[in-house]
Amino acid sequence: DDEQGIVMREDVLIYGLRTVGSRPLLGSGPGTFDVAYEQNRPIRALLPSDLYVNRAHDDFVEVAVEGGLPALLLWLVLLEVSIFRGVRFSTKGAMSPEAASSAAAVAGIAAYSTLNFAIAVPADLFYWFACMGLAISIPARKDVKDPDRPAGLRAVVILLFGGLLTMVFGWNLHRVNVLLIQADGFEKELRWEQSLELLNRAAGIQPSRAGLLAV
């Protein structure tokens with residue numbers, strides 16, 4: 001219900017930040033928020049102990065938990081550059097409506113992601129990246145000097161790198177899910193050795209989730 005949703009977000013904010021403090025530089029690794037969060041969440045938390053939280057419902061907390069504070073800072077810089085540039089060239093650029101709408105879209109999704117998750121949904125994430133790319137690539141008029149061009153180029157490189165990491169992580173996640181489905185089928189057929197072999201292969205692809213896969 002609505003009350004539980006509010007309490008869950010409060011719980012994630014409090015103990016999610018505590019989780020960030022346990023590994024502030026490197027984080028727990030991509031896709032491991034649920035494992036790291038449960039390890040730092042006390043039994044007497046705001047939520048019932050039997051309620052499992054697999055997503056932070058706050059992308060900024062989740063990025064900080066999984067990637068550490070440097071990853072969070074990098075993400076905030078990318079958002080700031082795209083929004084600032086979009087707003088700046090909404091009046092001085094050659095594509096004023098596009099600049100204003102792309103900056104508004106980036107800011108809107110950022111606001112949404114403070115109470116929900118957008119990075120974990122591929123459609124939302126790629127739309128977010130597309131809006132950032134449009135905001136960063138808005139051309140200035142010929143009579144206007146573009147002092148933000150170096151920052152824009154750096155942001156484009158970050159976007160490309162982020163997109164590549166997303167594709168790699170998504171492909172690895174798909175491989176793990178396929179292996180888990182096959183392992184579950186072997187388990188139902190009581191073929192324990194084959195099931196264990198597939199689980200070990202899945203843990204090898206995502207070592208940070210080895211404990212969860214073992215369960």
# chains A, B, ... in the order shown; residues from 1 in each chain; ligands from 1
call {"tool": "residues_around", "arguments": {"residues": "Leu73 of chain A", "least_positions_apart": "5", "cutoff": "12 Å", "atoms": "only C-alpha atoms", "output": "PyMOL selection string"}}
result
chain A and resi 24-25+60-61+63-64+67-68+78-80
call {"tool": "select_by_dssp", "arguments": {"residues": "segment 22-172 of chain A", "states": "alpha helix (DSSP H)", "output": "NGL selection string"}}
result
:A and (22 or 33-40 or 59-92 or 96-112 or 122-137 or 149-172)
call {"tool": "closest_residue", "arguments": {"among": "A:Leu74, A:Leu26, A:Leu164, A:Val53", "to": "Gln39 of chain A", "atoms": "only C-alpha atoms"}}
result
A:Val53
call {"tool": "closest_residue", "arguments": {"among": "A:Arg201, A:Leu76, A:Glu193, A:Leu160", "to": "Asn172 of chain A", "atoms": "only C-alpha atoms"}}
result
A:Arg201
call {"tool": "residues_around", "arguments": {"residues": "Ala56 of chain A", "least_positions_apart": "2", "cutoff": "10 Å", "atoms": "only C-alpha atoms", "output": "list of chain:residue names"}}
result
A:Met8, A:Arg9, A:Asp11, A:Val12, A:Leu13, A:Gly16, A:Phe33, A:Asp34, A:Tyr37, A:Val53, A:Asn54, A:Asp58, A:Asp59, A:Phe60, A:Val61, A:Glu62, A:Val63, A:Val65, A:Ser113, A:Thr114, A:Leu115, A:Asn116, A:Phe117
call {"tool": "atom_distance", "arguments": {"atom1": "atom CA of Ala202 of chain A", "atom2": "atom CA of Arg175 of chain A"}}
result
7.6 Å
call {"tool": "closest_residue", "arguments": {"among": "A:Ile83, A:Leu196, A:Leu125, A:Ile119", "to": "Ala105 of chain A", "atoms": "only C-alpha atoms"}}
result
A:Ile83
call {"tool": "atom_distance", "arguments": {"atom1": "atom CA of Tyr127 of chain A", "atom2": "atom CA of Leu72 of chain A"}}
result
19.6 Å
